[in-house]
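Q: To be precise about what I am sending: the file is called model_22.txt and holds compact mmCIF, C-alpha atoms.
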```
# COMPACT_ATOMS: atom_id res chain seq x y z
CA MET A 1 -49.06 -62.81 127.13
CA ILE A 2 -50.49 -61.42 130.34
CA LEU A 3 -54.04 -60.59 129.29
CA PRO A 4 -56.75 -63.24 129.18
CA GLY A 5 -58.48 -64.16 125.94
CA VAL A 6 -61.79 -62.98 127.38
CA ARG A 7 -61.81 -59.70 129.27
CA ASP A 8 -62.96 -59.78 132.87
CA ASP A 9 -65.83 -57.31 133.47
CA ARG A 10 -64.33 -56.49 136.86
CA PHE A 11 -61.48 -54.72 135.04
CA ILE A 12 -63.69 -52.80 132.62
CA THR A 13 -64.97 -49.45 133.83
CA ILE A 14 -68.67 -48.98 134.47
CA ARG A 15 -68.96 -46.43 131.64
CA ARG A 16 -67.71 -49.11 129.23
CA GLY A 17 -70.11 -51.79 130.44
CA GLY A 18 -68.02 -53.38 133.19
CA THR A 19 -68.13 -53.12 136.96
CA LEU A 20 -64.88 -51.27 137.75
CA THR A 21 -65.32 -47.93 139.50
CA ASP A 22 -63.04 -45.03 138.70
CA SER A 23 -61.73 -45.02 142.26
CA ASP A 24 -60.76 -48.71 142.06
CA HIS A 25 -59.22 -48.13 138.63
CA HIS A 26 -57.09 -45.41 140.19
CA LEU A 27 -56.07 -47.71 143.03
CA LEU A 28 -55.04 -50.38 140.52
CA ALA A 29 -52.89 -47.82 138.67
CA LEU A 30 -51.24 -46.63 141.87
CA TRP A 31 -50.55 -50.18 143.02
CA ALA A 32 -49.06 -51.08 139.63
CA ALA A 33 -46.87 -47.97 139.78
CA SER A 34 -45.63 -48.99 143.23
CA CYS A 35 -44.83 -52.50 142.01
CA ALA A 36 -42.85 -51.11 139.08
CA GLU A 37 -41.08 -48.46 141.12
CA HIS A 38 -39.96 -51.09 143.63
CA VAL A 39 -37.76 -52.69 140.95
CA LEU A 40 -36.95 -49.61 138.86
CA HIS A 41 -33.39 -49.51 140.22
CA LEU A 42 -32.73 -52.72 138.29
CA PHE A 43 -33.34 -50.82 135.06
CA GLU A 44 -31.70 -47.57 136.12
CA SER A 45 -28.49 -49.32 137.17
CA THR A 46 -28.14 -50.53 133.56
CA ALA A 47 -29.49 -47.49 131.70
CA PRO A 48 -29.28 -44.49 134.05
CA GLU A 49 -29.68 -41.99 131.22
CA ASP A 50 -33.00 -43.44 130.02
CA SER A 51 -35.93 -41.90 131.91
CA ARG A 52 -38.73 -43.61 129.97
CA PRO A 53 -39.61 -46.22 132.62
CA ARG A 54 -39.54 -43.64 135.43
CA ASP A 55 -41.63 -41.32 133.27
CA ALA A 56 -44.22 -44.09 132.74
CA ILE A 57 -44.54 -44.66 136.48
CA GLU A 58 -44.97 -40.95 137.05
CA SER A 59 -47.49 -40.75 134.21
CA ALA A 60 -49.60 -43.46 135.85
CA ARG A 61 -49.67 -41.42 139.05
CA ALA A 62 -50.30 -38.19 137.15
CA TRP A 63 -53.25 -39.85 135.39
CA VAL A 64 -54.75 -40.67 138.79
CA ARG A 65 -54.34 -37.02 139.83
CA GLY A 66 -55.94 -35.85 136.58
CA ASP A 67 -52.73 -34.21 135.37
CA VAL A 68 -52.23 -36.55 132.37
CA THR A 69 -54.81 -37.95 129.99
CA MET A 70 -55.36 -41.66 129.56
CA MET A 71 -53.74 -41.42 126.13
CA GLY A 72 -50.74 -39.63 127.62
CA ALA A 73 -50.24 -42.29 130.28
CA ARG A 74 -50.70 -45.03 127.69
CA ALA A 75 -48.12 -43.45 125.38
CA SER A 76 -45.66 -43.12 128.24
CA GLY A 77 -46.16 -46.80 129.06
CA GLY A 78 -45.44 -47.68 125.46
CA HIS A 79 -42.21 -45.68 125.53
CA ALA A 80 -41.09 -47.56 128.66
CA MET A 81 -41.72 -50.85 126.90
CA GLY A 82 -39.62 -49.52 124.04
CA ALA A 83 -36.78 -49.00 126.52
CA ALA A 84 -37.10 -52.64 127.54
CA ARG A 85 -36.74 -54.11 124.07
CA ALA A 86 -33.01 -53.44 123.68
CA LEU A 87 -32.14 -54.97 127.05
CA GLY A 88 -32.18 -58.36 128.70
CA GLY A 89 -32.61 -59.82 132.15
CA ALA A 90 -33.64 -57.83 135.18
CA ALA A 91 -33.36 -54.45 133.46
CA ARG A 92 -35.67 -55.54 130.65
CA HIS A 93 -38.30 -56.92 133.02
CA ALA A 94 -38.14 -53.79 135.22
CA ALA A 95 -38.74 -51.56 132.20
CA TYR A 96 -41.66 -53.75 131.11
CA ALA A 97 -43.09 -53.47 134.64
CA ALA A 98 -43.00 -49.68 134.31
CA GLY A 99 -44.58 -49.85 130.88
CA GLN A 100 -47.37 -52.06 132.14
CA ALA A 101 -47.99 -49.62 135.00
CA GLY A 102 -48.29 -46.78 132.51
CA VAL A 103 -50.92 -48.52 130.40
CA VAL A 104 -53.19 -49.39 133.35
CA ALA A 105 -54.92 -46.07 132.64
CA HIS A 106 -56.01 -47.54 129.29
CA VAL A 107 -56.64 -51.18 130.29
CA ALA A 108 -56.94 -51.78 134.02
CA ALA A 109 -56.01 -55.46 133.67
CA HIS A 110 -52.42 -54.45 132.95
CA GLU A 111 -52.06 -54.02 136.70
CA LEU A 112 -51.08 -57.67 136.91
CA GLY A 113 -48.50 -57.21 134.17
CA ALA A 114 -46.67 -54.60 136.22
CA ALA A 115 -46.61 -56.95 139.20
CA ALA A 116 -45.60 -60.03 137.20
CA TYR A 117 -42.78 -58.27 135.37
CA ALA A 118 -41.52 -56.84 138.67
CA ILE A 119 -41.34 -60.35 140.09
CA LYS A 120 -39.55 -61.54 136.95
CA ALA A 121 -37.07 -58.66 137.36
CA VAL A 122 -36.28 -59.63 140.94
CA ARG A 123 -35.89 -63.27 139.97
CA ALA A 124 -33.56 -62.37 137.12
CA ALA A 125 -31.43 -60.20 139.41
CA ALA A 126 -31.07 -62.92 142.06
CA THR A 127 -28.65 -65.78 142.01
CA THR A 128 -30.01 -68.98 140.54
CA VAL A 129 -30.22 -70.51 144.02
CA ASP A 130 -32.17 -67.56 145.46
CA SER A 131 -34.34 -66.76 142.44
CA ASP A 132 -37.55 -68.47 143.58
CA ASP A 133 -37.23 -67.10 147.12
CA ALA A 134 -36.60 -63.60 145.79
CA GLY A 135 -39.71 -63.89 143.63
CA ARG A 136 -41.82 -65.05 146.56
CA ARG A 137 -40.57 -62.18 148.73
CA GLU A 138 -41.39 -59.68 145.97
CA CYS A 139 -44.85 -61.16 145.50
CA GLN A 140 -45.50 -60.91 149.24
CA TRP A 141 -44.21 -57.32 149.31
CA GLN A 142 -46.62 -56.47 146.48
CA ARG A 143 -49.52 -58.09 148.28
CA ASP A 144 -48.66 -56.14 151.41
CA GLN A 145 -49.04 -52.91 149.40
CA LEU A 146 -52.55 -53.73 148.17
CA PRO A 147 -55.21 -51.28 149.34
CA ALA A 148 -58.11 -53.04 151.08
CA ALA A 149 -60.60 -51.84 148.45
CA ILE A 150 -58.91 -53.83 145.66
CA ARG A 151 -57.16 -56.58 147.61
CA GLU A 152 -59.60 -59.41 146.88
CA LEU A 153 -59.97 -58.35 143.25
CA VAL A 154 -56.21 -58.48 142.65
CA LEU A 155 -55.67 -61.69 144.60
CA ASP A 156 -58.42 -63.39 142.61
CA ASP A 157 -56.93 -62.00 139.40
CA GLN A 158 -53.56 -63.45 140.39
CA ARG A 159 -55.18 -66.82 140.94
CA LEU A 160 -57.03 -66.74 137.61
CA ARG A 161 -54.15 -65.45 135.48
CA ASN A 162 -51.18 -67.01 137.24
CA SER A 163 -50.65 -69.54 134.47
CA ILE A 164 -50.42 -66.86 131.76
CA CYS A 165 -48.20 -64.72 134.00
CA TRP A 166 -45.36 -67.24 134.18
CA ASN A 167 -46.73 -68.70 137.45
CA VAL A 168 -45.03 -65.92 139.41
CA PHE A 169 -47.87 -65.52 141.89
CA GLU A 170 -47.38 -68.89 143.58
CA ILE A 171 -45.97 -68.35 147.06
```
Output the file's structure as structure tokens, nothing else.

A:
Amino acid sequence: MILPGVRDDRFITIRRGGTLTDSDHHLLALWAASCAEHVLHLFESTAPEDSRPRDAIESARAWVRGDVTMMGARASGGHAMGAARALGGAARHAAYAAGQAGVVAHVAAHELGAAAYAIKAVRAAATTVDSDDAGRRECQWQRDQLPAAIRELVLDDQRLRNSICWNVFEI
């Protein structure tokens, strides 16, 4: 489970009663797509013929551009998660990261799911000895990619939801 029991108004768009602007929602989707794309090779090395995770990442970006509807991006994210289910380890987590990135268009709070699953993918791909260090490096890389406009929002979200995101945001 990566979503809190009570939704955070900061991740609900203004038109739905929250405080999230469309521009910040777009930035969250783009950041999530970057997090997922950074580990996509871990999926593609196992299932090179399956484009569903890559398609979900592209759908997230296409949604930001206005080329795909929210429902289209959400469906693409669901298909990527379907690709994950038959796999294990790093490939599974990388596909889930892509799926989470795709569904940010529908629920902005999935941005943290894309990041958390990407960290899990890197940890799973590393040797047991290097797993924690690899996760910390990935988390720092993700934080370095955060646009200034959403940086504090995401960092606070990481702090608040770290315990339901497998504690991957501790560095």

Q: Could you check how far atom CA of Thr128 of chain A sits from atom CA of Tyr96 of chain A, in Å to one decimal?

A: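 Atom CA of Tyr96 of chain A lies at a distance of 21.4 Å from atom CA of Thr128 of chain A.
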
Q: Can you tell me which residues surround Ala121 of chain A at a distance of at most 6 Å, considering all atoms listed in the file, apart from same-chain residues fewer than 4 positions away, and format the answer as an NGL selection string?

A: :A and (90 or 93-94)

Q: Please identify all polymer residues within 10 Å of segment 3-5 of chain A, counting all atoms listed in the file, omitting same-chain residues fewer than 6 positions from it, and present them as a list in words.

A: Val107, Ala109, His110, Leu112, Gly113, Leu160, Arg161, Ile164 and Cys165 of chain A

Q: Nearest to His25 of chain A among A:Ile150, A:Ala84, A:Ala116, A:Val122, with distances taken over only C-alpha atoms: which residue is it?

A: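 When distances to His25 of chain A are compared using only C-alpha atoms, the smallest one comes from A:Ile150.
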
Q: Which distance in Å separates atom CA of Arg7 of chain A and atom CA of Pro147 of chain A, to one decimal?

A: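 Distance reported for this atom pair: 22.7 Å.
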
Q: Check the smallest atom-to-atom distance from each of A:Asp8, A:Asp24, A:Glu170, A:Glu37 to Cys139 of chain A using only C-alpha atoms, then report the winner.

A: A:Glu170

Q: I'd like the neighbourhood of Gly18 of chain A as a PyMOL selection string, where a residue qualifies if any of its atoms comes within 12 Å (using all atoms listed in the file), though same-chain residues fewer than 3 positions away should be ignored.

A: chain A and resi 7-15+21-22+25+107-108

Q: Let me make sure I understand: among A:Glu44, A:Glu58, A:Asp156, A:Asp67, which one has the smallest atom-to-atom distance to Ala29 of chain A if we use only C-alpha atoms?

A: A:Glu58

Q: Calculated over all atoms listed in the file, which of the candidates A:Ala91, A:Val39, A:Ala32, A:Ile171 has the smallest distance to Gly77 of chain A?

A: A:Ala32

Q: Would you please work out which residue, of A:Arg65, A:His38, A:His79, A:Arg52, is nearest to Glu138 of chain A when using all atoms listed in the file?

A: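 Closest residue, counting all atoms listed in the file: A:His38.
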
Q: Rank A:Arg85, A:His26, A:Arg74, A:Arg136 by their smallest atom-to-atom distance to Phe169 of chain A, using all atoms listed in the file, and report the top residue only.

A: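 Closest candidate: A:Arg136.
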
Q: Please report the interatomic distance between atom CA of Lys120 of chain A and atom CA of Gly89 of chain A in Å with one decimal.

A: 8.6 Å

Q: Need to verify the contact set: Val64 of chain A, 12 Å, only C-alpha atoms, exclusion of same-chain residues closer than 5 positions in sequence. Can you return it as a ChimeraX atom specification?

A: /A:22-33,57-59,69-70,72-73,101-102,104-106

Q: As a short mmCIF file (atom, residue, chain, number, x, y, z; two decimals), in the frame of the given file, please: segment 61-87 of chain A completed to N, CA, C and O atoms.

A:
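Just written: part-v3.cif:
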```cif
data_model
loop_
_atom_site.label_atom_id
_atom_site.label_comp_id
_atom_site.auth_asym_id
_atom_site.auth_seq_id
_atom_site.Cartn_x
_atom_site.Cartn_y
_atom_site.Cartn_z
N ARG A 61 -49.25 -42.19 137.87
CA ARG A 61 -49.67 -41.42 139.05
C ARG A 61 -50.30 -40.08 138.65
O ARG A 61 -51.27 -39.64 139.26
N ALA A 62 -49.74 -39.46 137.63
CA ALA A 62 -50.30 -38.19 137.15
C ALA A 62 -51.69 -38.40 136.56
O ALA A 62 -52.56 -37.54 136.72
N TRP A 63 -51.92 -39.54 135.91
CA TRP A 63 -53.25 -39.85 135.39
C TRP A 63 -54.26 -39.93 136.55
O TRP A 63 -55.36 -39.39 136.45
N VAL A 64 -53.86 -40.56 137.63
CA VAL A 64 -54.75 -40.67 138.79
C VAL A 64 -55.10 -39.28 139.32
O VAL A 64 -56.24 -39.01 139.70
N ARG A 65 -54.11 -38.39 139.35
CA ARG A 65 -54.34 -37.02 139.83
C ARG A 65 -55.13 -36.17 138.84
O ARG A 65 -55.59 -35.08 139.18
N GLY A 66 -55.26 -36.63 137.62
CA GLY A 66 -55.94 -35.85 136.58
C GLY A 66 -55.02 -34.91 135.84
O GLY A 66 -55.48 -34.04 135.10
N ASP A 67 -53.71 -35.09 136.01
CA ASP A 67 -52.73 -34.21 135.37
C ASP A 67 -52.28 -34.70 134.00
O ASP A 67 -51.61 -33.96 133.28
N VAL A 68 -52.60 -35.95 133.65
CA VAL A 68 -52.23 -36.55 132.37
C VAL A 68 -53.46 -37.28 131.86
O VAL A 68 -54.20 -37.89 132.64
N THR A 69 -53.69 -37.21 130.57
CA THR A 69 -54.81 -37.95 129.99
C THR A 69 -54.50 -39.44 129.94
O THR A 69 -53.34 -39.86 130.05
N MET A 70 -55.55 -40.22 129.73
CA MET A 70 -55.36 -41.66 129.56
C MET A 70 -54.42 -41.92 128.40
O MET A 70 -53.51 -42.76 128.49
N MET A 71 -54.60 -41.22 127.31
CA MET A 71 -53.74 -41.42 126.13
C MET A 71 -52.29 -41.04 126.43
O MET A 71 -51.36 -41.70 125.95
N GLY A 72 -52.10 -40.02 127.24
CA GLY A 72 -50.74 -39.63 127.62
C GLY A 72 -50.06 -40.69 128.47
O GLY A 72 -48.89 -41.02 128.26
N ALA A 73 -50.79 -41.23 129.43
CA ALA A 73 -50.24 -42.29 130.28
C ALA A 73 -49.96 -43.54 129.44
O ALA A 73 -48.92 -44.19 129.61
N ARG A 74 -50.87 -43.86 128.56
CA ARG A 74 -50.70 -45.03 127.69
C ARG A 74 -49.47 -44.87 126.81
O ARG A 74 -48.67 -45.80 126.64
N ALA A 75 -49.29 -43.70 126.24
CA ALA A 75 -48.12 -43.45 125.38
C ALA A 75 -46.83 -43.57 126.19
O ALA A 75 -45.84 -44.17 125.73
N SER A 76 -46.84 -43.03 127.39
CA SER A 76 -45.66 -43.12 128.24
C SER A 76 -45.33 -44.57 128.58
O SER A 76 -44.16 -44.98 128.60
N GLY A 77 -46.37 -45.37 128.82
CA GLY A 77 -46.16 -46.80 129.06
C GLY A 77 -45.54 -47.47 127.86
O GLY A 77 -44.64 -48.32 127.99
N GLY A 78 -46.00 -47.12 126.68
CA GLY A 78 -45.44 -47.68 125.46
C GLY A 78 -43.97 -47.32 125.28
O GLY A 78 -43.17 -48.16 124.84
N HIS A 79 -43.61 -46.10 125.63
CA HIS A 79 -42.21 -45.68 125.53
C HIS A 79 -41.34 -46.48 126.50
O HIS A 79 -40.21 -46.85 126.16
N ALA A 80 -41.86 -46.76 127.70
CA ALA A 80 -41.09 -47.56 128.66
C ALA A 80 -40.86 -48.97 128.13
O ALA A 80 -39.78 -49.54 128.29
N MET A 81 -41.88 -49.52 127.48
CA MET A 81 -41.72 -50.85 126.90
C MET A 81 -40.71 -50.81 125.75
O MET A 81 -39.98 -51.77 125.53
N GLY A 82 -40.64 -49.69 125.06
CA GLY A 82 -39.62 -49.52 124.04
C GLY A 82 -38.22 -49.54 124.64
O GLY A 82 -37.29 -50.10 124.05
N ALA A 83 -38.07 -48.97 125.82
CA ALA A 83 -36.78 -49.00 126.52
C ALA A 83 -36.39 -50.42 126.89
O ALA A 83 -35.20 -50.76 126.94
N ALA A 84 -37.37 -51.26 127.14
CA ALA A 84 -37.10 -52.64 127.54
C ALA A 84 -36.56 -53.48 126.40
O ALA A 84 -35.74 -54.37 126.61
N ARG A 85 -37.00 -53.21 125.21
CA ARG A 85 -36.74 -54.11 124.07
C ARG A 85 -35.26 -54.31 123.77
O ARG A 85 -34.87 -55.39 123.33
N ALA A 86 -34.44 -53.33 124.00
CA ALA A 86 -33.01 -53.44 123.68
C ALA A 86 -32.21 -54.13 124.78
O ALA A 86 -31.02 -54.39 124.59
N LEU A 87 -32.84 -54.42 125.89
CA LEU A 87 -32.14 -54.97 127.05
C LEU A 87 -32.51 -56.42 127.30
O LEU A 87 -33.39 -56.96 126.66
#
```
